[in-house]
$ cat model_5.cif   # mmCIF, C-alpha atoms and all ligand atoms
data_query
loop_
_atom_site.label_atom_id
_atom_site.label_comp_id
_atom_site.auth_asym_id
_atom_site.auth_seq_id
_atom_site.Cartn_x
_atom_site.Cartn_y
_atom_site.Cartn_z
CA MET A 1 -32.61 27.71 18.93
CA ARG A 2 -30.62 30.53 17.30
CA VAL A 3 -27.33 29.34 15.83
CA GLU A 4 -24.21 31.50 15.91
CA ALA A 5 -21.02 30.82 13.92
CA SER A 6 -19.25 27.68 15.18
CA SER A 7 -21.93 27.23 17.82
CA SER A 8 -21.80 24.07 19.87
CA ALA A 9 -25.47 23.39 19.04
CA PHE A 10 -24.60 23.22 15.34
CA ARG A 11 -21.57 21.01 15.99
CA GLU A 12 -23.60 18.67 18.21
CA ALA A 13 -26.38 18.45 15.64
CA MET A 14 -23.95 17.59 12.83
CA ALA A 15 -22.06 15.11 15.02
CA SER A 16 -25.40 13.34 15.60
CA PHE A 17 -25.87 12.61 11.92
CA PRO A 18 -24.27 9.21 11.17
CA SER A 19 -21.92 9.00 8.22
CA GLY A 20 -19.05 6.87 7.07
CA ALA A 21 -15.44 7.97 7.14
CA THR A 22 -13.28 8.30 4.07
CA ILE A 23 -9.72 9.13 3.11
CA VAL A 24 -9.49 11.49 0.14
CA THR A 25 -6.18 11.55 -1.72
CA THR A 26 -4.50 13.39 -4.54
CA SER A 27 -1.09 14.25 -5.95
CA ASP A 28 0.27 17.76 -6.60
CA SER A 29 2.10 18.97 -9.71
CA ASP A 30 5.44 17.82 -8.20
CA GLY A 31 4.04 14.33 -7.69
CA ARG A 32 3.82 14.74 -3.90
CA TRP A 33 0.96 12.81 -2.31
CA TRP A 34 -1.67 14.50 -0.11
CA GLY A 35 -4.69 13.23 1.76
CA PHE A 36 -7.16 13.90 4.57
CA THR A 37 -9.85 12.07 6.49
CA ALA A 38 -13.33 13.22 5.50
CA SER A 39 -16.79 12.40 6.76
CA SER A 40 -18.27 14.95 4.38
CA PHE A 41 -19.02 12.67 1.47
CA CYS A 42 -22.24 12.12 -0.46
CA SER A 43 -23.61 11.61 -3.91
CA VAL A 44 -24.68 14.69 -5.86
CA SER A 45 -25.95 13.50 -9.24
CA MET A 46 -26.65 10.26 -11.09
CA ASP A 47 -26.18 11.62 -14.62
CA PRO A 48 -23.40 12.52 -14.69
CA PRO A 49 -22.29 10.49 -11.64
CA LEU A 50 -21.10 13.12 -9.16
CA VAL A 51 -20.01 13.02 -5.52
CA LEU A 52 -18.81 15.71 -3.17
CA THR A 53 -16.48 16.19 -0.25
CA CYS A 54 -15.69 19.38 1.67
CA LEU A 55 -12.16 20.46 2.64
CA ALA A 56 -11.30 23.12 5.24
CA ASN A 57 -9.64 26.19 3.73
CA THR A 58 -7.03 25.95 6.51
CA ALA A 59 -5.95 22.38 5.73
CA GLN A 60 -2.32 21.85 4.80
CA CYS A 61 -3.41 19.78 1.82
CA PHE A 62 -5.81 22.52 0.65
CA PRO A 63 -3.57 23.98 -2.13
CA ALA A 64 -3.04 20.51 -3.62
CA PHE A 65 -6.77 19.72 -3.72
CA ALA A 66 -7.70 23.22 -4.92
CA GLU A 67 -5.47 22.63 -7.97
CA ALA A 68 -6.07 18.91 -8.45
CA ALA A 69 -7.59 17.60 -11.67
CA ARG A 70 -8.23 14.22 -10.06
CA TRP A 71 -8.71 12.72 -6.60
CA ASN A 72 -9.64 9.39 -5.04
CA ILE A 73 -12.08 8.59 -2.24
CA HIS A 74 -11.70 5.51 -0.03
CA VAL A 75 -14.54 4.47 2.29
CA LEU A 76 -12.95 2.94 5.39
CA GLN A 77 -13.56 -0.18 7.43
CA HIS A 78 -13.20 -1.08 11.08
CA ARG A 79 -9.51 -1.98 10.69
CA HIS A 80 -8.71 1.44 9.21
CA ALA A 81 -9.49 3.37 12.41
CA ASP A 82 -5.80 4.16 13.04
CA LEU A 83 -5.37 5.27 9.44
CA ALA A 84 -8.39 7.56 9.74
CA MET A 85 -6.77 9.17 12.78
CA ARG A 86 -3.46 9.50 11.00
CA PHE A 87 -5.00 11.21 7.99
CA ALA A 88 -6.81 13.58 10.37
CA THR A 89 -3.50 14.61 11.96
CA ARG A 90 -1.81 17.63 10.44
CA GLY A 91 1.87 17.06 9.74
CA ALA A 92 1.69 13.26 10.18
CA ALA A 93 3.66 11.04 7.79
CA LYS A 94 0.34 9.96 6.35
CA PHE A 95 1.41 7.57 3.57
CA ASN A 96 4.36 5.87 5.32
CA GLY A 97 3.71 2.15 5.32
CA ALA A 98 -0.02 2.71 4.85
CA GLY A 99 -0.29 0.52 1.74
CA PHE A 100 -1.18 3.14 -0.86
CA GLN A 101 -0.06 2.41 -4.42
CA PRO A 102 0.01 4.80 -7.38
CA ASP A 103 -3.05 4.44 -9.59
CA ALA A 104 -2.95 4.78 -13.40
CA ASP A 105 -2.55 8.57 -12.96
CA GLY A 106 0.05 8.33 -10.18
CA LEU A 107 -2.42 9.26 -7.43
CA PRO A 108 -2.36 7.41 -4.10
CA PHE A 109 -4.83 4.54 -4.15
CA LEU A 110 -5.67 2.10 -1.35
CA LYS A 111 -7.02 -1.31 -2.23
CA ASP A 112 -9.14 -3.41 0.11
CA VAL A 113 -11.40 -0.63 1.32
CA SER A 114 -15.20 -0.89 1.36
CA ILE A 115 -15.67 1.45 -1.60
CA SER A 116 -13.14 3.27 -3.75
CA LEU A 117 -14.01 5.99 -6.24
CA ARG A 118 -11.62 7.49 -8.75
CA CYS A 119 -12.83 10.99 -9.54
CA ALA A 120 -12.05 13.80 -11.97
CA THR A 121 -12.66 17.31 -10.61
CA TYR A 122 -16.03 18.48 -11.95
CA SER A 123 -16.36 21.74 -10.06
CA LYS A 124 -15.25 23.54 -6.90
CA VAL A 125 -17.72 25.61 -4.92
CA ASP A 126 -17.15 28.11 -2.13
CA GLY A 127 -18.53 26.56 1.04
CA GLY A 128 -17.80 29.15 3.74
CA ASP A 129 -14.67 28.04 5.58
CA HIS A 130 -14.60 24.88 3.41
CA LEU A 131 -14.19 24.24 -0.31
CA VAL A 132 -16.80 21.90 -1.79
CA LEU A 133 -15.02 19.55 -4.17
CA ILE A 134 -17.38 17.94 -6.66
CA GLY A 135 -15.96 15.01 -8.58
CA ARG A 136 -17.15 13.03 -11.55
CA VAL A 137 -16.84 9.35 -10.68
CA GLU A 138 -14.87 7.52 -13.34
CA GLU A 139 -14.21 4.20 -11.65
CA VAL A 140 -15.84 2.38 -8.75
CA GLY A 141 -14.33 -0.40 -6.63
CA MET A 142 -16.39 -2.42 -4.16
CA GLY A 143 -14.75 -4.37 -1.31
CA GLU A 144 -16.07 -7.31 0.66
CA GLU A 145 -16.09 -5.80 4.14
CA MET A 146 -18.67 -3.42 5.57
CA PRO A 147 -17.68 0.20 6.19
CA PHE A 148 -17.74 1.56 9.71
CA VAL A 149 -20.02 4.34 10.89
CA TYR A 150 -18.88 7.68 12.30
CA PHE A 151 -21.41 8.91 14.84
CA ARG A 152 -20.99 11.36 17.74
CA ARG A 153 -17.20 11.40 17.33
CA ARG A 154 -16.90 7.64 17.57
CA PHE A 155 -16.36 4.89 15.04
CA HIS A 156 -18.90 2.09 15.26
CA SER A 157 -18.69 -1.19 13.40
CA LEU A 158 -21.78 -2.58 11.74
CA PRO A 159 -22.87 -6.08 12.76
CA ALA A 160 -21.35 -8.72 10.47
CA GLY A 161 -23.77 -10.01 7.87
CA ASP A 162 -26.26 -7.21 8.50
CA ASP A 163 -26.33 -6.28 4.81
CA LYS A 164 -27.45 -9.81 3.92
CA ALA A 165 -30.26 -9.51 6.45
CA ALA A 166 -31.48 -6.20 5.05
CA GLY A 167 -35.20 -6.22 4.36
CA LYS A 168 -35.78 -9.54 6.15
CA SER A 169 -37.62 -9.79 9.41
CA GLY A 170 -35.85 -11.28 12.37
CA PRO A 171 -34.37 -10.39 15.72
CA ALA A 172 -32.87 -6.91 16.03
CA PRO A 173 -29.06 -6.93 16.10
CA ASP A 174 -27.59 -7.36 19.53
CA ARG A 175 -26.36 -3.96 20.77
CA ALA A 176 -23.23 -5.71 22.03
CA SER A 177 -22.32 -6.44 18.40
CA LEU A 178 -21.91 -2.71 17.75
CA PRO A 179 -18.63 -2.04 19.55
CA VAL A 180 -17.24 1.44 19.80
CA VAL A 181 -13.87 1.32 18.12
CA ILE A 182 -12.35 4.63 19.00
CA GLU A 183 -13.34 7.97 20.48
CA LEU A 184 -12.00 11.06 18.80
CA ASP A 185 -11.12 14.47 20.08
CA LEU A 186 -9.66 16.15 17.04
CA GLY A 187 -11.95 19.16 16.93
CA TRP A 188 -13.88 17.70 14.05
CA MET A 189 -17.69 17.49 14.13
C1 LIG A 201 -13.77 11.30 11.29
C2 LIG A 201 -13.22 12.61 10.77
C3 LIG A 201 -13.85 13.22 9.71
C4 LIG A 201 -13.34 14.41 9.16
N1 LIG A 201 -13.97 14.99 8.10
C5 LIG A 201 -13.44 16.12 7.54
C6 LIG A 201 -14.06 16.69 6.38
O1 LIG A 201 -15.06 16.20 5.86
N2 LIG A 201 -13.49 17.82 5.86
C7 LIG A 201 -12.37 18.39 6.41
O2 LIG A 201 -11.89 19.40 5.88
N3 LIG A 201 -11.77 17.85 7.51
C8 LIG A 201 -12.27 16.74 8.07
N4 LIG A 201 -11.67 16.17 9.15
C9 LIG A 201 -10.46 16.80 9.69
C10 LIG A 201 -9.27 16.57 8.74
O3 LIG A 201 -9.11 15.18 8.43
C11 LIG A 201 -7.96 17.06 9.37
O4 LIG A 201 -8.11 18.40 9.78
C12 LIG A 201 -6.78 16.92 8.41
O5 LIG A 201 -5.61 16.91 9.16
C13 LIG A 201 -6.73 18.03 7.36
O6 LIG A 201 -5.66 17.87 6.48
P1 LIG A 201 -4.17 18.46 6.71
O7 LIG A 201 -3.47 17.47 7.61
O8 LIG A 201 -3.59 18.50 5.32
O9 LIG A 201 -4.29 19.83 7.37
C14 LIG A 201 -12.16 15.01 9.72
C15 LIG A 201 -11.54 14.36 10.81
C16 LIG A 201 -12.06 13.19 11.32
C17 LIG A 201 -11.35 12.52 12.47
#

$ encode --input "model_5.cif" --output "structure tokens" --more "lines below"
Ligand SMILES: Cc1cc2nc3c(=O)[nH]c(=O)nc-3n(C[C@H](O)[C@H](O)[C@H](O)COP(=O)(O)O)c2cc1C
Amino acid sequence: MRVEASSSAFREAMASFPSGATIVTTSDSDGRWWGFTASSFCSVSMDPPLVLTCLANTAQCFPAFAEAARWNIHVLQHRHADLAMRFATRGAAKFNGAGFQPDADGLPFLKDVSISLRCATYSKVDGGDHLVLIGRVEEVGMGEEMPFVYFRRRFHSLPAGDDKAAGKSGPAPDRASLPVVIELDLGWM
């Protein structure tokens, strides 16, 4: 199938690739905090340890991230669904009462997430209508709870204890233990 710019076939294909959901945060030169919800997150390199995320050129937080020397990535859990929506809403009071604390560099940092990565900007690459932000991971935090899965514009929780069962034979997880948390219609893939 031929794919045109912004074609629905491309969007549907990308929406059908499961990922997690993250909140990426930084601070600008005036100390103002910025952040956005991102499902574009993956590892790039082991040595040095690099990850990437992609930010739309049209995002309000774009200038802050384009200039940032550092940023943080937080991999979200089931209970962060509302926060993920908030950070995907342009103009929302994203940090109000959300529990972020300044890290050692004054950047917004959220404890008690599944994974947190403190990153220094390694490079920025033109990615069409997005900017690919590549960060060198300088600190890793691992939480107790499983992350949720973003798939076909819905958040799904993973069955409790599934990580402990990994690699062992046994009954397949009950489909009923994979509840849909929230359905999104924010124009994101
Ligand atoms: C689950 C989910 C994943 C998203 N992933 C990305 C992403 O990887 N990159 C991106 O630029 N926007 C992504 N968005 C949309 C942004 O979070 C949203 O447009 C945000 O408001 C942009 O920041 P701004 O408020 O500063 O404009 C995603 C939204 C959702 C709901």

$ closest_residue --input "model_5.cif" --among "A:Ala64, A:Ser116, A:Thr121, A:Ser157" --to "Asp30 in chain A" --atoms "all atoms listed in the file"
A:Ala64

$ residues_around --input "model_5.cif" --residues "Met142 in chain A" --least-positions-apart "6" --cutoff "8 Å" --atoms "all atoms listed in the file" --output "number ranges by chain"
A: 113-116

$ write_last_selection --input "model_5.cif" --atoms "C-alpha atoms" --output "PDB file, in the frame of the given file"
ATOM      1  CA  VAL A 113     -11.400  -0.630   1.320  1.00  0.00           C
ATOM      2  CA  SER A 114     -15.200  -0.890   1.360  1.00  0.00           C
ATOM      3  CA  ILE A 115     -15.670   1.450  -1.600  1.00  0.00           C
ATOM      4  CA  SER A 116     -13.140   3.270  -3.750  1.00  0.00           C
TER       5      SER A 116
END

$ residues_around --input "model_5.cif" --residues "range 23-26 of chain A" --least-positions-apart "6" --cutoff "7 Å" --atoms "only C-alpha atoms" --output "tab-separated table (two decimals) with C-alpha atoms, in the frame of the given file"
chain	number	residue	atom	x	y	z
A	33	TRP	CA	0.96	12.81	-2.31
A	34	TRP	CA	-1.67	14.50	-0.11
A	35	GLY	CA	-4.69	13.23	1.76
A	36	PHE	CA	-7.16	13.90	4.57
A	37	THR	CA	-9.85	12.07	6.49
A	38	ALA	CA	-13.33	13.22	5.50
A	65	PHE	CA	-6.77	19.72	-3.72
A	68	ALA	CA	-6.07	18.91	-8.45
A	70	ARG	CA	-8.23	14.22	-10.06
A	71	TRP	CA	-8.71	12.72	-6.60
A	72	ASN	CA	-9.64	9.39	-5.04
A	73	ILE	CA	-12.08	8.59	-2.24
A	74	HIS	CA	-11.70	5.51	-0.03
A	75	VAL	CA	-14.54	4.47	2.29
A	84	ALA	CA	-8.39	7.56	9.74
A	107	LEU	CA	-2.42	9.26	-7.43
A	108	PRO	CA	-2.36	7.41	-4.10

$ residues_around --input "model_5.cif" --residues "Ile134 in chain A" --least-positions-apart "3" --cutoff "12 Å" --atoms "all atoms listed in the file" --output "NGL selection string"
:A and (40-45 or 48-55 or 65-66 or 68-73 or 119-127 or 131 or 137)

$ write_last_selection --input "model_5.cif" --atoms "C-alpha atoms" --output "mmCIF file, keeping the file's coordinate frame"
data_model
loop_
_atom_site.group_PDB
_atom_site.id
_atom_site.type_symbol
_atom_site.label_atom_id
_atom_site.label_comp_id
_atom_site.auth_asym_id
_atom_site.auth_seq_id
_atom_site.Cartn_x
_atom_site.Cartn_y
_atom_site.Cartn_z
ATOM 1 C CA SER A 40 -18.270 14.950 4.380
ATOM 2 C CA PHE A 41 -19.020 12.670 1.470
ATOM 3 C CA CYS A 42 -22.240 12.120 -0.460
ATOM 4 C CA SER A 43 -23.610 11.610 -3.910
ATOM 5 C CA VAL A 44 -24.680 14.690 -5.860
ATOM 6 C CA SER A 45 -25.950 13.500 -9.240
ATOM 7 C CA PRO A 48 -23.400 12.520 -14.690
ATOM 8 C CA PRO A 49 -22.290 10.490 -11.640
ATOM 9 C CA LEU A 50 -21.100 13.120 -9.160
ATOM 10 C CA VAL A 51 -20.010 13.020 -5.520
ATOM 11 C CA LEU A 52 -18.810 15.710 -3.170
ATOM 12 C CA THR A 53 -16.480 16.190 -0.250
ATOM 13 C CA CYS A 54 -15.690 19.380 1.670
ATOM 14 C CA LEU A 55 -12.160 20.460 2.640
ATOM 15 C CA PHE A 65 -6.770 19.720 -3.720
ATOM 16 C CA ALA A 66 -7.700 23.220 -4.920
ATOM 17 C CA ALA A 68 -6.070 18.910 -8.450
ATOM 18 C CA ALA A 69 -7.590 17.600 -11.670
ATOM 19 C CA ARG A 70 -8.230 14.220 -10.060
ATOM 20 C CA TRP A 71 -8.710 12.720 -6.600
ATOM 21 C CA ASN A 72 -9.640 9.390 -5.040
ATOM 22 C CA ILE A 73 -12.080 8.590 -2.240
ATOM 23 C CA CYS A 119 -12.830 10.990 -9.540
ATOM 24 C CA ALA A 120 -12.050 13.800 -11.970
ATOM 25 C CA THR A 121 -12.660 17.310 -10.610
ATOM 26 C CA TYR A 122 -16.030 18.480 -11.950
ATOM 27 C CA SER A 123 -16.360 21.740 -10.060
ATOM 28 C CA LYS A 124 -15.250 23.540 -6.900
ATOM 29 C CA VAL A 125 -17.720 25.610 -4.920
ATOM 30 C CA ASP A 126 -17.150 28.110 -2.130
ATOM 31 C CA GLY A 127 -18.530 26.560 1.040
ATOM 32 C CA LEU A 131 -14.190 24.240 -0.310
ATOM 33 C CA VAL A 137 -16.840 9.350 -10.680
#

$ atom_distance --input "model_5.cif" --atom1 "CA of Lys94 in chain A" --atom2 "CA of Pro18 in chain A"
25.1 Å

$ residues_near_ligand --input "model_5.cif" --ligand "ligand LIG 201 (chain A)" --cutoff "8 Å" --atoms "all atoms listed in the file" --output "number ranges by chain"
A: 21-22, 34-41, 53-62, 84-92, 130, 150, 153-155, 184-189

$ atom_distance --input "model_5.cif" --atom1 "CA of Arg118 in chain A" --atom2 "CA of Glu138 in chain A"
5.6 Å

$ atom_distance --input "model_5.cif" --atom1 "CA of Asp129 in chain A" --atom2 "CA of Ala93 in chain A"
25.1 Å

$ closest_residue --input "model_5.cif" --among "A:Leu76, A:Pro102, A:Val132, A:Val3" --to "Ser19 in chain A" --atoms "all atoms listed in the file"
A:Leu76

$ axis_aligned_box --input "model_5.cif" --around "range 124-134 of chain A" --padding-each-side "3 Å" --output "lines of an AutoDock Vina configuration file"
center_x = -16.4
center_y = 23.5
center_z = -0.7
size_x = 10.3
size_y = 17.2
size_z = 18.5

$ closest_residue --input "model_5.cif" --among "A:Gly128, A:Glu145, A:Phe151, A:Phe100" --to "Ala5 in chain A" --atoms "only C-alpha atoms"
A:Gly128

$ decode --input "model_5.cif" --residues "range 9-131 of chain A" --atoms "C-alpha atoms" --output "compact mmCIF listing (two decimals), in the first residue's frame"
# COMPACT_ATOMS: atom_id res chain seq x y z
CA ALA A 9 -2.54 3.69 7.05
CA PHE A 10 0.75 4.92 8.52
CA ARG A 11 -0.95 6.19 11.68
CA GLU A 12 -2.84 2.91 12.13
CA ALA A 13 0.33 0.88 11.60
CA MET A 14 2.26 2.91 14.18
CA ALA A 15 -0.65 2.83 16.65
CA SER A 16 -0.55 -0.98 16.38
CA PHE A 17 3.00 -1.17 17.68
CA PRO A 18 2.85 -1.49 21.49
CA SER A 19 5.03 0.84 23.52
CA GLY A 20 5.10 2.30 26.97
CA ALA A 21 4.22 5.89 27.77
CA THR A 22 6.63 8.35 29.29
CA ILE A 23 6.72 11.92 30.53
CA VAL A 24 9.80 13.82 29.39
CA THR A 25 10.72 16.93 31.39
CA THR A 26 13.20 19.74 31.34
CA SER A 27 13.76 23.27 32.60
CA ASP A 28 14.48 26.35 30.46
CA SER A 29 17.12 29.02 31.09
CA ASP A 30 14.65 30.96 33.29
CA GLY A 31 14.09 27.88 35.43
CA ARG A 32 10.58 27.31 34.06
CA TRP A 33 9.56 23.65 33.91
CA TRP A 34 8.37 21.99 30.69
CA GLY A 35 7.21 18.49 29.84
CA PHE A 36 5.26 16.33 27.40
CA THR A 37 3.89 12.81 27.17
CA ALA A 38 5.91 10.67 24.77
CA SER A 39 5.51 7.14 23.49
CA SER A 40 8.51 7.62 21.21
CA PHE A 41 11.20 6.27 23.48
CA CYS A 42 13.81 3.60 22.87
CA SER A 43 17.41 2.74 23.49
CA VAL A 44 19.95 3.77 20.86
CA SER A 45 23.37 2.62 22.07
CA MET A 46 24.90 0.64 24.92
CA ASP A 47 28.32 2.30 24.87
CA PRO A 48 27.78 5.11 25.47
CA PRO A 49 24.31 4.49 26.96
CA LEU A 50 21.96 6.46 24.72
CA VAL A 51 18.18 6.74 24.42
CA LEU A 52 15.96 8.78 22.16
CA THR A 53 12.62 10.52 22.17
CA CYS A 54 10.98 12.54 19.39
CA LEU A 55 9.26 15.90 19.94
CA ALA A 56 6.89 17.60 17.48
CA ASN A 57 8.28 20.85 16.07
CA THR A 58 4.92 22.45 16.84
CA ALA A 59 4.92 21.61 20.56
CA GLN A 60 4.78 24.51 22.98
CA CYS A 61 7.65 22.99 24.93
CA PHE A 62 9.76 22.61 21.76
CA PRO A 63 12.01 25.69 22.29
CA ALA A 64 12.85 24.56 25.83
CA PHE A 65 13.83 21.03 24.72
CA ALA A 66 15.67 22.29 21.62
CA GLU A 67 17.92 24.33 23.94
CA ALA A 68 18.06 21.95 26.90
CA ALA A 69 21.37 20.52 28.06
CA ARG A 70 19.57 17.95 30.20
CA TRP A 71 16.19 16.20 30.38
CA ASN A 72 14.52 13.43 32.36
CA ILE A 73 12.39 10.52 31.17
CA HIS A 74 9.78 8.87 33.40
CA VAL A 75 8.18 5.58 32.34
CA LEU A 76 4.60 5.60 33.63
CA GLN A 77 2.41 3.13 35.46
CA HIS A 78 -1.29 2.37 35.50
CA ARG A 79 -2.00 5.05 38.13
CA HIS A 80 -0.36 7.75 36.00
CA ALA A 81 -2.97 7.60 33.21
CA ASP A 82 -4.44 11.00 34.17
CA LEU A 83 -0.97 12.52 34.33
CA ALA A 84 -0.17 11.15 30.87
CA MET A 85 -3.30 12.85 29.55
CA ARG A 86 -2.42 16.09 31.31
CA PHE A 87 1.08 16.18 29.86
CA ALA A 88 -0.42 15.53 26.42
CA THR A 89 -2.68 18.58 26.75
CA ARG A 90 -1.28 21.82 25.39
CA GLY A 91 -1.66 24.71 27.82
CA ALA A 92 -2.52 22.50 30.82
CA ALA A 93 -1.03 23.36 34.22
CA LYS A 94 1.08 20.25 33.89
CA PHE A 95 3.14 20.34 37.09
CA ASN A 96 0.48 21.63 39.52
CA GLY A 97 0.18 19.13 42.34
CA ALA A 98 1.68 16.38 40.19
CA GLY A 99 4.44 15.51 42.66
CA PHE A 100 7.50 16.55 40.66
CA GLN A 101 10.51 17.68 42.69
CA PRO A 102 13.63 19.47 41.44
CA ASP A 103 16.51 17.07 40.81
CA ALA A 104 20.16 17.94 41.50
CA ASP A 105 20.12 20.19 38.41
CA GLY A 106 16.75 21.80 39.17
CA LEU A 107 14.89 19.78 36.52
CA PRO A 108 11.46 18.33 37.30
CA PHE A 109 11.79 14.76 38.54
CA LEU A 110 9.02 12.34 39.50
CA LYS A 111 9.78 9.56 41.94
CA ASP A 112 7.83 6.30 42.11
CA VAL A 113 7.63 5.68 38.38
CA SER A 114 8.56 2.36 36.76
CA ILE A 115 11.80 3.68 35.29
CA SER A 116 13.43 7.09 35.50
CA LEU A 117 16.39 8.18 33.41
CA ARG A 118 18.36 11.37 33.91
CA CYS A 119 19.87 12.32 30.58
CA ALA A 120 22.35 14.84 29.18
CA THR A 121 21.66 15.95 25.60
CA TYR A 122 23.98 13.96 23.33
CA SER A 123 22.67 15.10 19.96
CA LYS A 124 19.59 16.47 18.21
CA VAL A 125 18.62 15.17 14.79
CA ASP A 126 16.11 16.50 12.27
CA GLY A 127 13.25 14.03 12.14
CA GLY A 128 10.81 15.57 9.64
CA ASP A 129 8.08 17.31 11.64
CA HIS A 130 9.74 16.06 14.86
CA LEU A 131 13.10 16.66 16.51
